[in-house]
Amino acid sequence: MSADKLNLAVFISGNGSNLQALIDACKDPAFPARIALVVSNQPGAYGLERAKKAEIPAIMIDHKNYTNRSEFENVLQDTLKDYPVNLICLAGFMRILSADFVNRWPNKIINTHPALLPKFGGKGMYGEHVHRAVLEAGELQSGCSIHYVIPEVDQGPVIVQRAVPVIADDSVETLAARVIAQEHIAYPEAVRMIAEKRV
Ligand code: GRF
């Protein structure tokens, strides 16, 4: 266990390609962070396989087994206590965390959002909804934002943004693919900046 590195907990719900980008970045011995734990709230999340392959502890906490958000979050919190976590990275984690949980981790939770915040953020703005809204608004560019998590959804301070052009005959899928490729660069970049205290 490297005491000098930032210890990450990565929260996922699905494919986990952003988790993979972090796993790959952490393979470089010079990268100032390591992944201590992966948590999924979805039993079938492919990201759990990615964690297993990388020999990273991975835990599935199915939110559907709890009657309310705070019960689920208490289990999350208890699980985190067993690992040396300094920073929680939400990477396609499809649960909104309550203010109680967020306030327990002040400036210690970050998220990736597939648009250039503050545009196209907030409740209901996730996944393909974001890209559809960008296309419908006739934006000339979109991108991704890695930002701190505060209780107000998608409103925390931005750490890194990367822009991409919106192309005339883009579909939700083509735009999403262009954006997620940038998330894979931006997420490790943001983690590095935090680890090196440049934020
Ligand atoms: C990313 O585009 C993220 O911004 C959004 O969901 C996607 C997650 O993809 N919230 P993955 O699971 O990391 O592949």
# chains A, B, ... in the order shown; residues from 1 in each chain; ligands from 1

call {"tool": "residues_near_ligand", "arguments": {"ligand": "ligand 1", "cutoff": "10 Å", "atoms": "only C-alpha atoms and all ligand atoms", "output": "PyMOL selection string"}}
result
chain A and resi 11-22+45-47+90-94+111-115+125-128+130-131+143-146+176-177+179-184+187

call {"tool": "select_by_dssp", "arguments": {"residues": "segment 20-194 of chain A", "states": "strand (DSSP E or B)", "output": "PyMOL selection string"}}
result
chain A and resi 33-40+58-60+87-90+109-113+141-148+158-165

call {"tool": "write_last_selection", "arguments": {"atoms": "C-alpha atoms", "output": "PDB file, in the first residue's frame"}}
result
ATOM      1  CA  ALA A  33      -2.860   7.674  -7.217  1.00  0.00           C
ATOM      2  CA  ARG A  34      -3.964   4.089  -6.825  1.00  0.00           C
ATOM      3  CA  ILE A  35      -7.402   2.501  -6.710  1.00  0.00           C
ATOM      4  CA  ALA A  36      -8.134   1.073  -3.266  1.00  0.00           C
ATOM      5  CA  LEU A  37     -11.697   0.012  -3.976  1.00  0.00           C
ATOM      6  CA  VAL A  38     -14.360  -0.193  -6.666  1.00  0.00           C
ATOM      7  CA  VAL A  39     -18.006  -0.027  -5.653  1.00  0.00           C
ATOM      8  CA  SER A  40     -20.934  -0.807  -7.931  1.00  0.00           C
ATOM      9  CA  ALA A  58     -14.595  -4.647  -5.779  1.00  0.00           C
ATOM     10  CA  ILE A  59     -17.819  -4.601  -3.833  1.00  0.00           C
ATOM     11  CA  MET A  60     -21.386  -4.635  -5.081  1.00  0.00           C
ATOM     12  CA  LEU A  87     -10.918  10.547  -2.802  1.00  0.00           C
ATOM     13  CA  ILE A  88     -14.166   9.122  -4.196  1.00  0.00           C
ATOM     14  CA  CYS A  89     -14.396   9.137  -7.993  1.00  0.00           C
ATOM     15  CA  LEU A  90     -17.908   8.796  -9.400  1.00  0.00           C
ATOM     16  CA  ILE A 109     -15.844  13.419  -4.161  1.00  0.00           C
ATOM     17  CA  ILE A 110     -15.439  14.110  -7.861  1.00  0.00           C
ATOM     18  CA  ASN A 111     -17.580  13.189 -10.853  1.00  0.00           C
ATOM     19  CA  THR A 112     -17.407  13.102 -14.620  1.00  0.00           C
ATOM     20  CA  HIS A 113     -20.212  14.712 -16.592  1.00  0.00           C
ATOM     21  CA  GLN A 141     -19.338  22.168 -29.245  1.00  0.00           C
ATOM     22  CA  SER A 142     -19.751  19.847 -26.312  1.00  0.00           C
ATOM     23  CA  GLY A 143     -17.280  18.026 -24.111  1.00  0.00           C
ATOM     24  CA  CYS A 144     -16.810  16.729 -20.619  1.00  0.00           C
ATOM     25  CA  SER A 145     -16.338  18.172 -17.168  1.00  0.00           C
ATOM     26  CA  ILE A 146     -14.628  16.604 -14.194  1.00  0.00           C
ATOM     27  CA  HIS A 147     -15.948  18.453 -11.166  1.00  0.00           C
ATOM     28  CA  TYR A 148     -16.186  18.377  -7.394  1.00  0.00           C
ATOM     29  CA  VAL A 158     -15.005  22.252 -12.323  1.00  0.00           C
ATOM     30  CA  ILE A 159     -11.489  20.778 -12.245  1.00  0.00           C
ATOM     31  CA  VAL A 160     -10.879  19.835 -15.897  1.00  0.00           C
ATOM     32  CA  GLN A 161     -12.914  20.335 -19.055  1.00  0.00           C
ATOM     33  CA  ARG A 162     -12.184  19.052 -22.545  1.00  0.00           C
ATOM     34  CA  ALA A 163     -14.195  20.250 -25.541  1.00  0.00           C
ATOM     35  CA  VAL A 164     -15.140  18.440 -28.734  1.00  0.00           C
ATOM     36  CA  PRO A 165     -16.864  19.784 -31.854  1.00  0.00           C
TER      37      PRO A 165
END

call {"tool": "closest_residue", "arguments": {"among": "A:Asp62, A:Glu71, A:Asp28, A:Glu173", "to": "Arg192 of chain A", "atoms": "only C-alpha atoms"}}
result
A:Asp28

call {"tool": "select_by_dssp", "arguments": {"residues": "segment 37-144 of chain A", "states": "helix (DSSP H, G or I)", "output": "PyMOL selection string"}}
result
chain A and resi 46-53+63-65+69-81+99-104+127-136

call {"tool": "closest_residue", "arguments": {"among": "A:Ala51, A:Ile167, A:Ile61, A:Val191", "to": "Arg95 of chain A", "atoms": "only C-alpha atoms"}}
result
A:Ile61

call {"tool": "closest_residue", "arguments": {"among": "A:Tyr66, A:Pro157, A:Gly44, A:Ile56", "to": "Tyr83 of chain A", "atoms": "only C-alpha atoms"}}
result
A:Ile56

call {"tool": "residues_around", "arguments": {"residues": "Val85 of chain A", "least_positions_apart": "6", "cutoff": "7 Å", "atoms": "only C-alpha atoms", "output": "ChimeraX atom specification"}}
result
/A:7-9,36

call {"tool": "atom_distance", "arguments": {"atom1": "atom CA of Leu116 of chain A", "atom2": "atom CA of Glu139 of chain A"}}
result
10.8 Å

call {"tool": "closest_residue", "arguments": {"among": "A:Val153, A:Val166, A:Val199, A:Ile194", "to": "Gly121 of chain A", "atoms": "only C-alpha atoms"}}
result
A:Val153

call {"tool": "decode", "arguments": {"residues": "segment 108-146 of chain A", "atoms": "N, CA and C atoms", "output": "CSV table (one decimal), in the first residue's frame"}}
result
chain,number,residue,atom,x,y,z
A,108,LYS,N,-14.0,15.8,-1.4
A,108,LYS,CA,-13.3,14.5,-1.5
A,108,LYS,C,-14.2,13.6,-2.4
A,109,ILE,N,-15.1,14.2,-3.2
A,109,ILE,CA,-15.8,13.4,-4.2
A,109,ILE,C,-15.8,14.2,-5.5
A,110,ILE,N,-15.4,13.5,-6.5
A,110,ILE,CA,-15.4,14.1,-7.9
A,110,ILE,C,-16.3,13.2,-8.8
A,111,ASN,N,-16.7,13.9,-9.9
A,111,ASN,CA,-17.6,13.2,-10.9
A,111,ASN,C,-17.2,13.6,-12.3
A,112,THR,N,-17.5,12.7,-13.2
A,112,THR,CA,-17.4,13.1,-14.6
A,112,THR,C,-18.8,13.3,-15.2
A,113,HIS,N,-18.9,14.4,-16.0
A,113,HIS,CA,-20.2,14.7,-16.6
A,113,HIS,C,-20.0,14.9,-18.1
A,114,PRO,N,-20.8,14.3,-18.9
A,114,PRO,CA,-20.5,14.3,-20.4
A,114,PRO,C,-21.0,15.6,-21.1
A,115,ALA,N,-20.7,16.8,-20.5
A,115,ALA,CA,-21.1,18.0,-21.2
A,115,ALA,C,-20.2,19.1,-20.6
A,116,LEU,N,-20.3,20.3,-21.2
A,116,LEU,CA,-19.4,21.4,-20.7
A,116,LEU,C,-20.3,22.1,-19.6
A,117,LEU,N,-20.2,21.7,-18.4
A,117,LEU,CA,-20.9,22.4,-17.3
A,117,LEU,C,-20.5,23.9,-17.3
A,118,PRO,N,-21.3,24.8,-16.8
A,118,PRO,CA,-22.6,24.6,-16.2
A,118,PRO,C,-23.8,24.3,-17.2
A,119,LYS,N,-23.4,24.2,-18.5
A,119,LYS,CA,-24.5,23.9,-19.5
A,119,LYS,C,-24.8,22.4,-19.4
A,120,PHE,N,-26.1,22.0,-19.6
A,120,PHE,CA,-26.5,20.7,-19.7
A,120,PHE,C,-26.2,19.8,-18.5
A,121,GLY,N,-26.4,20.4,-17.3
A,121,GLY,CA,-26.2,19.6,-16.1
A,121,GLY,C,-27.5,19.6,-15.3
A,122,GLY,N,-27.5,18.9,-14.2
A,122,GLY,CA,-28.7,18.9,-13.3
A,122,GLY,C,-29.4,17.6,-13.4
A,123,LYS,N,-30.4,17.5,-12.5
A,123,LYS,CA,-31.2,16.3,-12.4
A,123,LYS,C,-31.8,16.0,-13.8
A,124,GLY,N,-31.8,14.7,-14.2
A,124,GLY,CA,-32.4,14.3,-15.5
A,124,GLY,C,-31.4,14.5,-16.6
A,125,MET,N,-30.3,15.2,-16.4
A,125,MET,CA,-29.3,15.3,-17.4
A,125,MET,C,-28.2,14.3,-17.2
A,126,TYR,N,-28.4,13.1,-17.8
A,126,TYR,CA,-27.4,12.1,-17.7
A,126,TYR,C,-27.4,11.3,-18.9
A,127,GLY,N,-26.3,10.6,-19.2
A,127,GLY,CA,-26.2,9.7,-20.4
A,127,GLY,C,-26.7,10.3,-21.6
A,128,GLU,N,-27.5,9.6,-22.4
A,128,GLU,CA,-27.9,10.1,-23.7
A,128,GLU,C,-28.8,11.3,-23.7
A,129,HIS,N,-29.5,11.5,-22.5
A,129,HIS,CA,-30.3,12.8,-22.4
A,129,HIS,C,-29.4,14.0,-22.6
A,130,VAL,N,-28.2,14.0,-22.1
A,130,VAL,CA,-27.3,15.1,-22.2
A,130,VAL,C,-27.0,15.4,-23.7
A,131,HIS,N,-26.6,14.3,-24.4
A,131,HIS,CA,-26.2,14.5,-25.8
A,131,HIS,C,-27.4,14.9,-26.7
A,132,ARG,N,-28.5,14.3,-26.4
A,132,ARG,CA,-29.7,14.7,-27.2
A,132,ARG,C,-30.0,16.2,-27.0
A,133,ALA,N,-29.9,16.7,-25.7
A,133,ALA,CA,-30.2,18.1,-25.4
A,133,ALA,C,-29.2,19.0,-26.1
A,134,VAL,N,-27.9,18.5,-26.2
A,134,VAL,CA,-26.9,19.3,-26.8
A,134,VAL,C,-27.2,19.4,-28.3
A,135,LEU,N,-27.6,18.3,-28.9
A,135,LEU,CA,-27.9,18.3,-30.4
A,135,LEU,C,-29.1,19.2,-30.6
A,136,GLU,N,-30.1,19.0,-29.8
A,136,GLU,CA,-31.4,19.8,-30.0
A,136,GLU,C,-31.1,21.3,-29.8
A,137,ALA,N,-30.2,21.7,-29.0
A,137,ALA,CA,-29.9,23.1,-28.8
A,137,ALA,C,-29.0,23.7,-29.9
A,138,GLY,N,-28.6,22.8,-30.8
A,138,GLY,CA,-27.8,23.3,-31.9
A,138,GLY,C,-26.4,23.8,-31.5
A,139,GLU,N,-25.9,23.2,-30.4
A,139,GLU,CA,-24.5,23.6,-29.9
A,139,GLU,C,-23.5,23.3,-31.0
A,140,LEU,N,-22.5,24.1,-31.0
A,140,LEU,CA,-21.4,23.9,-31.9
A,140,LEU,C,-20.3,23.0,-31.3
A,141,GLN,N,-20.3,23.0,-29.9
A,141,GLN,CA,-19.3,22.2,-29.2
A,141,GLN,C,-20.0,21.6,-28.0
A,142,SER,N,-19.4,20.4,-27.6
A,142,SER,CA,-19.8,19.8,-26.3
A,142,SER,C,-18.4,19.4,-25.7
A,143,GLY,N,-18.5,18.4,-24.8
A,143,GLY,CA,-17.3,18.0,-24.1
A,143,GLY,C,-17.6,17.3,-22.8
A,144,CYS,N,-16.6,17.4,-21.9
A,144,CYS,CA,-16.8,16.7,-20.6
A,144,CYS,C,-16.3,17.6,-19.5
A,145,SER,N,-16.8,17.4,-18.3
A,145,SER,CA,-16.3,18.2,-17.2
A,145,SER,C,-16.1,17.2,-16.0
A,146,ILE,N,-14.9,17.3,-15.4
A,146,ILE,CA,-14.6,16.6,-14.2
A,146,ILE,C,-14.8,17.7,-13.1
